[in-house]
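Source file structure06.csv; content: CSV, C-alpha atoms.
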```
chain,number,residue,atom,x,y,z
A,1,MET,CA,-16.3,-28.9,-40.2
A,2,LEU,CA,-15.2,-27.8,-36.8
A,3,LYS,CA,-16.6,-29.4,-33.6
A,4,VAL,CA,-16.2,-27.5,-30.3
A,5,ILE,CA,-16.7,-28.5,-26.7
A,6,ALA,CA,-16.7,-25.5,-24.3
A,7,GLN,CA,-17.1,-26.1,-20.6
A,8,ASP,CA,-18.0,-23.6,-17.9
A,9,PHE,CA,-17.8,-24.1,-14.1
A,10,ILE,CA,-20.2,-21.8,-12.3
A,11,ARG,CA,-20.4,-21.0,-8.5
A,12,PRO,CA,-23.4,-22.8,-7.0
A,13,GLU,CA,-25.0,-19.7,-5.7
A,14,PHE,CA,-25.0,-18.1,-9.2
A,15,ILE,CA,-26.5,-21.0,-11.2
A,16,ALA,CA,-30.0,-19.3,-11.3
A,17,THR,CA,-28.3,-16.0,-12.3
A,18,VAL,CA,-26.5,-17.4,-15.3
A,19,ARG,CA,-29.5,-19.4,-16.7
A,20,PRO,CA,-31.1,-16.5,-18.5
A,21,LEU,CA,-27.7,-15.4,-19.8
A,22,TYR,CA,-27.2,-18.8,-21.3
A,23,GLU,CA,-30.7,-18.8,-22.7
A,24,GLU,CA,-30.0,-15.6,-24.5
A,25,LEU,CA,-26.6,-16.7,-25.7
A,26,VAL,CA,-28.0,-20.0,-27.1
A,27,ALA,CA,-30.9,-18.3,-28.8
A,28,LYS,CA,-28.8,-15.5,-30.4
A,29,THR,CA,-26.0,-17.8,-31.5
A,30,ARG,CA,-28.4,-20.2,-33.2
A,31,LEU,CA,-29.5,-17.2,-35.4
A,32,GLU,CA,-26.0,-16.6,-36.7
A,33,LYS,CA,-25.9,-17.6,-40.3
A,34,ASP,CA,-22.9,-19.9,-40.1
A,35,CYS,CA,-24.0,-21.7,-36.9
A,36,ILE,CA,-24.5,-25.4,-37.7
A,37,SER,CA,-25.4,-26.4,-34.2
A,38,TYR,CA,-25.0,-24.9,-30.7
A,39,ASN,CA,-26.4,-26.9,-27.8
A,40,LEU,CA,-25.9,-26.6,-24.1
A,41,TYR,CA,-25.9,-29.4,-21.5
A,42,ILE,CA,-25.5,-29.8,-17.8
A,43,ASP,CA,-23.3,-32.4,-16.1
A,44,GLN,CA,-25.6,-34.9,-14.2
A,45,LYS,CA,-23.2,-34.9,-11.3
A,46,ASP,CA,-22.5,-31.1,-11.1
A,47,PRO,CA,-25.3,-28.6,-11.7
A,48,GLY,CA,-22.7,-25.8,-12.1
A,49,HIS,CA,-20.9,-27.6,-14.9
A,50,PHE,CA,-22.3,-26.3,-18.2
A,51,VAL,CA,-21.1,-27.9,-21.5
A,52,PHE,CA,-21.6,-26.5,-24.9
A,53,ILE,CA,-21.3,-28.8,-27.9
A,54,GLU,CA,-21.0,-26.7,-31.1
A,55,GLU,CA,-20.5,-27.2,-34.8
A,56,TRP,CA,-19.2,-24.6,-37.2
A,57,PRO,CA,-18.1,-24.8,-40.8
A,58,ASP,CA,-14.6,-23.7,-40.1
A,59,ARG,CA,-12.4,-21.7,-37.7
A,60,GLN,CA,-13.3,-18.4,-39.3
A,61,ALA,CA,-17.0,-18.9,-38.5
A,62,LEU,CA,-16.1,-19.6,-34.9
A,63,ASP,CA,-13.9,-16.5,-34.7
A,64,GLU,CA,-16.8,-14.5,-36.1
A,65,HIS,CA,-19.1,-15.9,-33.4
A,66,CYS,CA,-16.6,-14.8,-30.8
A,67,GLN,CA,-16.9,-11.2,-32.2
A,68,THR,CA,-20.7,-10.9,-32.1
A,69,GLU,CA,-22.3,-8.4,-29.8
A,70,HIS,CA,-24.1,-11.2,-27.8
A,71,PHE,CA,-20.9,-13.2,-27.3
A,72,ARG,CA,-18.8,-10.1,-26.3
A,73,ARG,CA,-21.5,-9.0,-23.8
A,74,LEU,CA,-22.8,-12.3,-22.4
A,75,VAL,CA,-19.6,-14.4,-22.1
A,76,PRO,CA,-17.6,-12.1,-19.8
A,77,LEU,CA,-20.8,-11.6,-17.7
A,78,ILE,CA,-21.2,-15.4,-17.4
A,79,ASP,CA,-17.5,-15.7,-16.7
A,80,SER,CA,-17.8,-13.3,-13.7
A,81,TYR,CA,-19.7,-16.0,-11.9
A,82,GLN,CA,-17.2,-18.8,-12.6
A,83,ARG,CA,-15.6,-20.9,-9.8
A,84,GLU,CA,-12.8,-21.9,-12.1
A,85,ALA,CA,-11.6,-21.1,-15.6
A,86,GLY,CA,-13.6,-22.6,-18.5
A,87,THR,CA,-12.0,-24.9,-21.0
A,88,PHE,CA,-12.5,-25.4,-24.8
A,89,LEU,CA,-11.6,-28.1,-27.2
A,90,LEU,CA,-11.5,-27.8,-31.0
A,91,MET,CA,-11.9,-31.0,-32.9
A,92,ASP,CA,-11.9,-32.5,-36.3
A,93,ALA,CA,-14.1,-35.4,-37.3
A,94,PHE,CA,-12.4,-38.8,-37.0
B,95,MET,CA,-32.4,-37.8,-23.6
B,96,LEU,CA,-28.9,-38.5,-22.4
B,97,LYS,CA,-25.8,-36.8,-23.9
B,98,VAL,CA,-22.4,-38.4,-23.3
B,99,ILE,CA,-18.8,-37.2,-23.9
B,100,ALA,CA,-16.3,-40.0,-23.6
B,101,GLN,CA,-12.6,-39.1,-24.0
B,102,ASP,CA,-9.7,-41.5,-24.7
B,103,PHE,CA,-5.9,-40.7,-24.5
B,104,ILE,CA,-3.9,-43.0,-26.7
B,105,ARG,CA,-0.1,-43.5,-26.7
B,106,PRO,CA,1.3,-41.8,-29.9
B,107,GLU,CA,2.9,-44.9,-31.2
B,108,PHE,CA,-0.5,-46.8,-31.2
B,109,ILE,CA,-2.7,-44.2,-32.9
B,110,ALA,CA,-2.6,-46.2,-36.2
B,111,THR,CA,-3.3,-49.4,-34.3
B,112,VAL,CA,-6.5,-48.1,-32.7
B,113,ARG,CA,-8.0,-46.4,-35.8
B,114,PRO,CA,-9.6,-49.6,-37.2
B,115,LEU,CA,-10.8,-50.5,-33.7
B,116,TYR,CA,-12.6,-47.2,-33.5
B,117,GLU,CA,-13.9,-47.6,-37.0
B,118,GLU,CA,-15.5,-50.9,-36.1
B,119,LEU,CA,-16.8,-49.6,-32.7
B,120,VAL,CA,-18.5,-46.6,-34.4
B,121,ALA,CA,-20.0,-48.6,-37.3
B,122,LYS,CA,-21.4,-51.3,-35.0
B,123,THR,CA,-22.7,-48.9,-32.3
B,124,ARG,CA,-24.6,-46.9,-35.0
B,125,LEU,CA,-26.4,-50.1,-35.8
B,126,GLU,CA,-27.7,-50.5,-32.2
B,127,LYS,CA,-31.5,-49.9,-32.3
B,128,ASP,CA,-31.4,-47.3,-29.4
B,129,CYS,CA,-28.4,-45.3,-30.7
B,130,ILE,CA,-29.5,-41.7,-31.5
B,131,SER,CA,-26.0,-40.5,-32.5
B,132,TYR,CA,-22.5,-41.7,-31.9
B,133,ASN,CA,-19.7,-39.6,-33.4
B,134,LEU,CA,-16.0,-39.6,-32.9
B,135,TYR,CA,-13.7,-36.6,-33.1
B,136,ILE,CA,-10.0,-35.9,-32.7
B,137,ASP,CA,-8.5,-32.9,-30.7
B,138,GLN,CA,-6.8,-30.6,-33.2
B,139,LYS,CA,-3.9,-30.1,-30.7
B,140,ASP,CA,-3.4,-33.8,-29.8
B,141,PRO,CA,-3.8,-36.6,-32.3
B,142,GLY,CA,-4.0,-39.2,-29.5
B,143,HIS,CA,-7.0,-37.5,-27.8
B,144,PHE,CA,-10.2,-39.1,-29.2
B,145,VAL,CA,-13.6,-37.7,-28.2
B,146,PHE,CA,-16.9,-39.5,-28.6
B,147,ILE,CA,-20.1,-37.4,-28.5
B,148,GLU,CA,-23.0,-39.7,-28.1
B,149,GLU,CA,-26.8,-39.4,-27.6
B,150,TRP,CA,-29.0,-42.1,-26.1
B,151,PRO,CA,-32.6,-42.1,-25.1
B,152,ASP,CA,-31.8,-42.9,-21.5
B,153,ARG,CA,-29.4,-44.5,-19.1
B,154,GLN,CA,-30.7,-48.0,-19.8
B,155,ALA,CA,-29.9,-47.7,-23.5
B,156,LEU,CA,-26.3,-46.6,-22.6
B,157,ASP,CA,-26.0,-49.5,-20.2
B,158,GLU,CA,-27.1,-51.9,-22.9
B,159,HIS,CA,-24.6,-50.4,-25.3
B,160,CYS,CA,-21.9,-51.2,-22.8
B,161,GLN,CA,-23.0,-54.8,-22.7
B,162,THR,CA,-22.8,-55.4,-26.5
B,163,GLU,CA,-20.3,-57.8,-27.9
B,164,HIS,CA,-18.5,-55.1,-29.9
B,165,PHE,CA,-18.2,-52.8,-26.8
B,166,ARG,CA,-17.0,-55.5,-24.5
B,167,ARG,CA,-14.4,-56.7,-27.1
B,168,LEU,CA,-13.2,-53.4,-28.6
B,169,VAL,CA,-13.1,-51.0,-25.6
B,170,PRO,CA,-10.7,-53.0,-23.4
B,171,LEU,CA,-8.5,-53.6,-26.5
B,172,ILE,CA,-8.5,-49.8,-27.2
B,173,ASP,CA,-7.9,-49.1,-23.5
B,174,SER,CA,-4.8,-51.4,-23.6
B,175,TYR,CA,-3.1,-48.6,-25.8
B,176,GLN,CA,-4.0,-45.8,-23.4
B,177,ARG,CA,-1.5,-43.3,-22.0
B,178,GLU,CA,-3.9,-42.3,-19.3
B,179,ALA,CA,-7.3,-43.3,-18.1
B,180,GLY,CA,-10.3,-42.2,-20.2
B,181,THR,CA,-13.0,-39.9,-18.9
B,182,PHE,CA,-16.8,-39.8,-19.4
B,183,LEU,CA,-19.4,-37.2,-18.7
B,184,LEU,CA,-23.2,-37.8,-18.6
B,185,MET,CA,-25.3,-34.8,-19.3
B,186,ASP,CA,-28.9,-33.6,-19.5
B,187,ALA,CA,-30.0,-30.9,-22.0
B,188,PHE,CA,-30.0,-27.4,-20.5
```
Turn the structure described in the file into structure tokens.
Amino acid sequence: MLKVIAQDFIRPEFIATVRPLYEELVAKTRLEKDCISYNLYIDQKDPGHFVFIEEWPDRQALDEHCQTEHFRRLVPLIDSYQREAGTFLLMDAF
Amino acid sequence: MLKVIAQDFIRPEFIATVRPLYEELVAKTRLEKDCISYNLYIDQKDPGHFVFIEEWPDRQALDEHCQTEHFRRLVPLIDSYQREAGTFLLMDAF
């Protein structure tokens, strides 16, 4: 089991622009056969701070997710509206 | 629904010391009537970086968690082994 937290920081004037991109990314990722869970949250103190909490069976499944058409098309587009670089954290269960 | 990410950074020489404290904190928190989920993870790149991913019905439930005997006893004890201050993030669903 691999748990992932991926955080994006979007420029305030583009929050409405990225919403449909995130909606498509979430919907298509959840259809991937190896996706255990893929949920998106918003920081209560910062509406441009988007946080994915993901679960994959292993690193290979995550790598395959990053090679999908929807990931390769949508993530660079979302990133073009960033105010700072995103972060990601790969974790094992305690 | 309230999602929480709480991160702790423990000094390397005390990782074995905090493990049973975390085990007790997780076990007792999961018994709280309003706890939806409470899971602990470890950063694959940093064995002293512990990450809680929590779900509560609302802020009041989280505040009540922070007033429980196990929280008030164990969290300051765990924090005494920190190498830097912990962080927490309160989030709404996208």
_chain A contacts to chain B at 9 Å (only C-alpha atoms) as a VMD selection string_ = chain A and resid 3 19 23 39 to 45 50 to 51 53 89 to 94
*What's the 10 Å shell around Lys28 (chain A), counting all atoms listed in the file, without same-chain residues fewer than 3 positions away, as an NGL selection string?*
:A and (22-25 or 31-32 or 68-71)
Would you write out those residues with C-alpha atoms, as a tab-separated table (two decimals), keeping the file's coordinate frame?
```tsv
chain	number	residue	atom	x	y	z
A	22	TYR	CA	-27.20	-18.80	-21.30
A	23	GLU	CA	-30.70	-18.80	-22.70
A	24	GLU	CA	-30.00	-15.60	-24.50
A	25	LEU	CA	-26.60	-16.70	-25.70
A	31	LEU	CA	-29.50	-17.20	-35.40
A	32	GLU	CA	-26.00	-16.60	-36.70
A	68	THR	CA	-20.70	-10.90	-32.10
A	69	GLU	CA	-22.30	-8.40	-29.80
A	70	HIS	CA	-24.10	-11.20	-27.80
A	71	PHE	CA	-20.90	-13.20	-27.30
```
*Would you mind listing what lies within 8 Å of Arg105 (chain B) as JSON, numbers by chain, with all atoms listed in the file counted and same-chain residues fewer than 2 positions away left out?*
{"B": [103, 107, 108, 109, 142, 175, 176, 177]}
_Selected residue, from B:Val112, B:Ala179, B:Cys129, B:Leu168, that lies nearest to Glu149 (chain B) when counting all atoms listed in the file_ =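 Closest to Glu149 (chain B) of all the choices is B:Cys129.
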*Between CA of Lys127 (chain B) and CA of Leu115 (chain B), what is the distance, to one decimal in Å?*
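Those two atoms sit 20.8 Å apart.
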*One decimal, Å: what's the distance from CA of Pro20 (chain A) over to CA of Ile130 (chain B), could you say?*
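Distance reported for this atom pair: 28.4 Å.
CA of Thr17 (chain A) lies 8.8 Å from CA of Ile78 (chain A).
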Residues within 10 Å of Ser37 (chain A), please, as an mmCIF file with C-alpha atoms, in the coordinates of the input. Count all atoms listed in the file; anything in the same chain fewer than 3 positions from it doesn't count.
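As a result, out-v4.cif now contains:
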```cif
data_model
loop_
_atom_site.group_PDB
_atom_site.id
_atom_site.type_symbol
_atom_site.label_atom_id
_atom_site.label_comp_id
_atom_site.auth_asym_id
_atom_site.auth_seq_id
_atom_site.Cartn_x
_atom_site.Cartn_y
_atom_site.Cartn_z
ATOM 1 C CA LYS A 3 -16.600 -29.400 -33.600
ATOM 2 C CA VAL A 26 -28.000 -20.000 -27.100
ATOM 3 C CA THR A 29 -26.000 -17.800 -31.500
ATOM 4 C CA ARG A 30 -28.400 -20.200 -33.200
ATOM 5 C CA ASP A 34 -22.900 -19.900 -40.100
ATOM 6 C CA ILE A 53 -21.300 -28.800 -27.900
ATOM 7 C CA GLU A 54 -21.000 -26.700 -31.100
ATOM 8 C CA GLU A 55 -20.500 -27.200 -34.800
ATOM 9 C CA TRP A 56 -19.200 -24.600 -37.200
ATOM 10 C CA PRO A 57 -18.100 -24.800 -40.800
#
```
Could you give me region 49-74 of chain A completed to N, CA, C and O atoms, formatted as a CSV table (one decimal), keeping the file's coordinate frame?
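For reference, out-v9.csv as written:
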```csv
chain,number,residue,atom,x,y,z
A,49,HIS,N,-21.8,-27.2,-13.8
A,49,HIS,CA,-20.9,-27.6,-14.9
A,49,HIS,C,-21.7,-27.6,-16.2
A,49,HIS,O,-22.5,-28.5,-16.4
A,50,PHE,N,-21.5,-26.5,-17.0
A,50,PHE,CA,-22.3,-26.3,-18.2
A,50,PHE,C,-21.4,-26.7,-19.4
A,50,PHE,O,-20.2,-26.3,-19.4
A,51,VAL,N,-21.9,-27.4,-20.4
A,51,VAL,CA,-21.1,-27.9,-21.5
A,51,VAL,C,-21.8,-27.5,-22.8
A,51,VAL,O,-22.9,-28.0,-23.1
A,52,PHE,N,-21.1,-26.7,-23.6
A,52,PHE,CA,-21.6,-26.5,-24.9
A,52,PHE,C,-21.0,-27.5,-25.9
A,52,PHE,O,-19.8,-27.8,-25.9
A,53,ILE,N,-21.8,-28.0,-26.8
A,53,ILE,CA,-21.3,-28.8,-27.9
A,53,ILE,C,-21.8,-28.0,-29.2
A,53,ILE,O,-23.0,-27.8,-29.4
A,54,GLU,N,-20.8,-27.6,-30.0
A,54,GLU,CA,-21.0,-26.7,-31.1
A,54,GLU,C,-20.5,-27.3,-32.4
A,54,GLU,O,-19.5,-28.1,-32.4
A,55,GLU,N,-21.1,-26.8,-33.5
A,55,GLU,CA,-20.5,-27.2,-34.8
A,55,GLU,C,-20.5,-26.0,-35.7
A,55,GLU,O,-21.6,-25.3,-35.8
A,56,TRP,N,-19.4,-25.7,-36.3
A,56,TRP,CA,-19.2,-24.6,-37.2
A,56,TRP,C,-18.6,-25.1,-38.5
A,56,TRP,O,-17.9,-26.1,-38.5
A,57,PRO,N,-18.7,-24.3,-39.6
A,57,PRO,CA,-18.1,-24.8,-40.8
A,57,PRO,C,-16.6,-24.8,-40.8
A,57,PRO,O,-16.0,-25.7,-41.4
A,58,ASP,N,-16.0,-23.8,-40.1
A,58,ASP,CA,-14.6,-23.7,-40.1
A,58,ASP,C,-14.2,-22.7,-38.9
A,58,ASP,O,-15.0,-22.1,-38.2
A,59,ARG,N,-12.9,-22.5,-38.8
A,59,ARG,CA,-12.4,-21.7,-37.7
A,59,ARG,C,-12.8,-20.2,-37.8
A,59,ARG,O,-13.1,-19.5,-36.9
A,60,GLN,N,-12.9,-19.8,-39.1
A,60,GLN,CA,-13.3,-18.4,-39.3
A,60,GLN,C,-14.7,-18.1,-38.8
A,60,GLN,O,-15.0,-17.1,-38.2
A,61,ALA,N,-15.6,-19.1,-39.0
A,61,ALA,CA,-17.0,-18.9,-38.5
A,61,ALA,C,-17.0,-18.9,-37.0
A,61,ALA,O,-17.7,-18.1,-36.4
A,62,LEU,N,-16.2,-19.7,-36.3
A,62,LEU,CA,-16.1,-19.6,-34.9
A,62,LEU,C,-15.5,-18.3,-34.4
A,62,LEU,O,-16.0,-17.7,-33.4
A,63,ASP,N,-14.5,-17.8,-35.1
A,63,ASP,CA,-13.9,-16.5,-34.7
A,63,ASP,C,-14.9,-15.4,-34.9
A,63,ASP,O,-15.0,-14.5,-34.0
A,64,GLU,N,-15.7,-15.5,-35.9
A,64,GLU,CA,-16.8,-14.5,-36.1
A,64,GLU,C,-17.8,-14.5,-35.0
A,64,GLU,O,-18.3,-13.5,-34.5
A,65,HIS,N,-18.2,-15.7,-34.6
A,65,HIS,CA,-19.1,-15.9,-33.4
A,65,HIS,C,-18.6,-15.2,-32.2
A,65,HIS,O,-19.3,-14.5,-31.5
A,66,CYS,N,-17.2,-15.3,-32.0
A,66,CYS,CA,-16.6,-14.8,-30.8
A,66,CYS,C,-16.6,-13.2,-30.8
A,66,CYS,O,-16.3,-12.6,-29.8
A,67,GLN,N,-16.9,-12.7,-32.0
A,67,GLN,CA,-16.9,-11.2,-32.2
A,67,GLN,C,-18.3,-10.6,-32.2
A,67,GLN,O,-18.4,-9.4,-32.3
A,68,THR,N,-19.3,-11.4,-32.1
A,68,THR,CA,-20.7,-10.9,-32.1
A,68,THR,C,-20.9,-10.1,-30.8
A,68,THR,O,-20.3,-10.3,-29.8
A,69,GLU,N,-21.9,-9.3,-30.9
A,69,GLU,CA,-22.3,-8.4,-29.8
A,69,GLU,C,-22.8,-9.3,-28.6
A,69,GLU,O,-22.4,-9.1,-27.5
A,70,HIS,N,-23.6,-10.3,-28.9
A,70,HIS,CA,-24.1,-11.2,-27.8
A,70,HIS,C,-23.0,-12.0,-27.1
A,70,HIS,O,-23.0,-12.1,-25.9
A,71,PHE,N,-22.0,-12.5,-27.9
A,71,PHE,CA,-20.9,-13.2,-27.3
A,71,PHE,C,-20.1,-12.2,-26.4
A,71,PHE,O,-19.8,-12.5,-25.3
A,72,ARG,N,-19.7,-11.1,-27.0
A,72,ARG,CA,-18.8,-10.1,-26.3
A,72,ARG,C,-19.5,-9.5,-25.0
A,72,ARG,O,-18.8,-9.1,-24.1
A,73,ARG,N,-20.8,-9.5,-25.0
A,73,ARG,CA,-21.5,-9.0,-23.8
A,73,ARG,C,-21.8,-10.1,-22.8
A,73,ARG,O,-21.5,-9.9,-21.6
A,74,LEU,N,-22.3,-11.2,-23.3
A,74,LEU,CA,-22.8,-12.3,-22.4
A,74,LEU,C,-21.6,-13.1,-21.8
A,74,LEU,O,-21.7,-13.5,-20.6
```
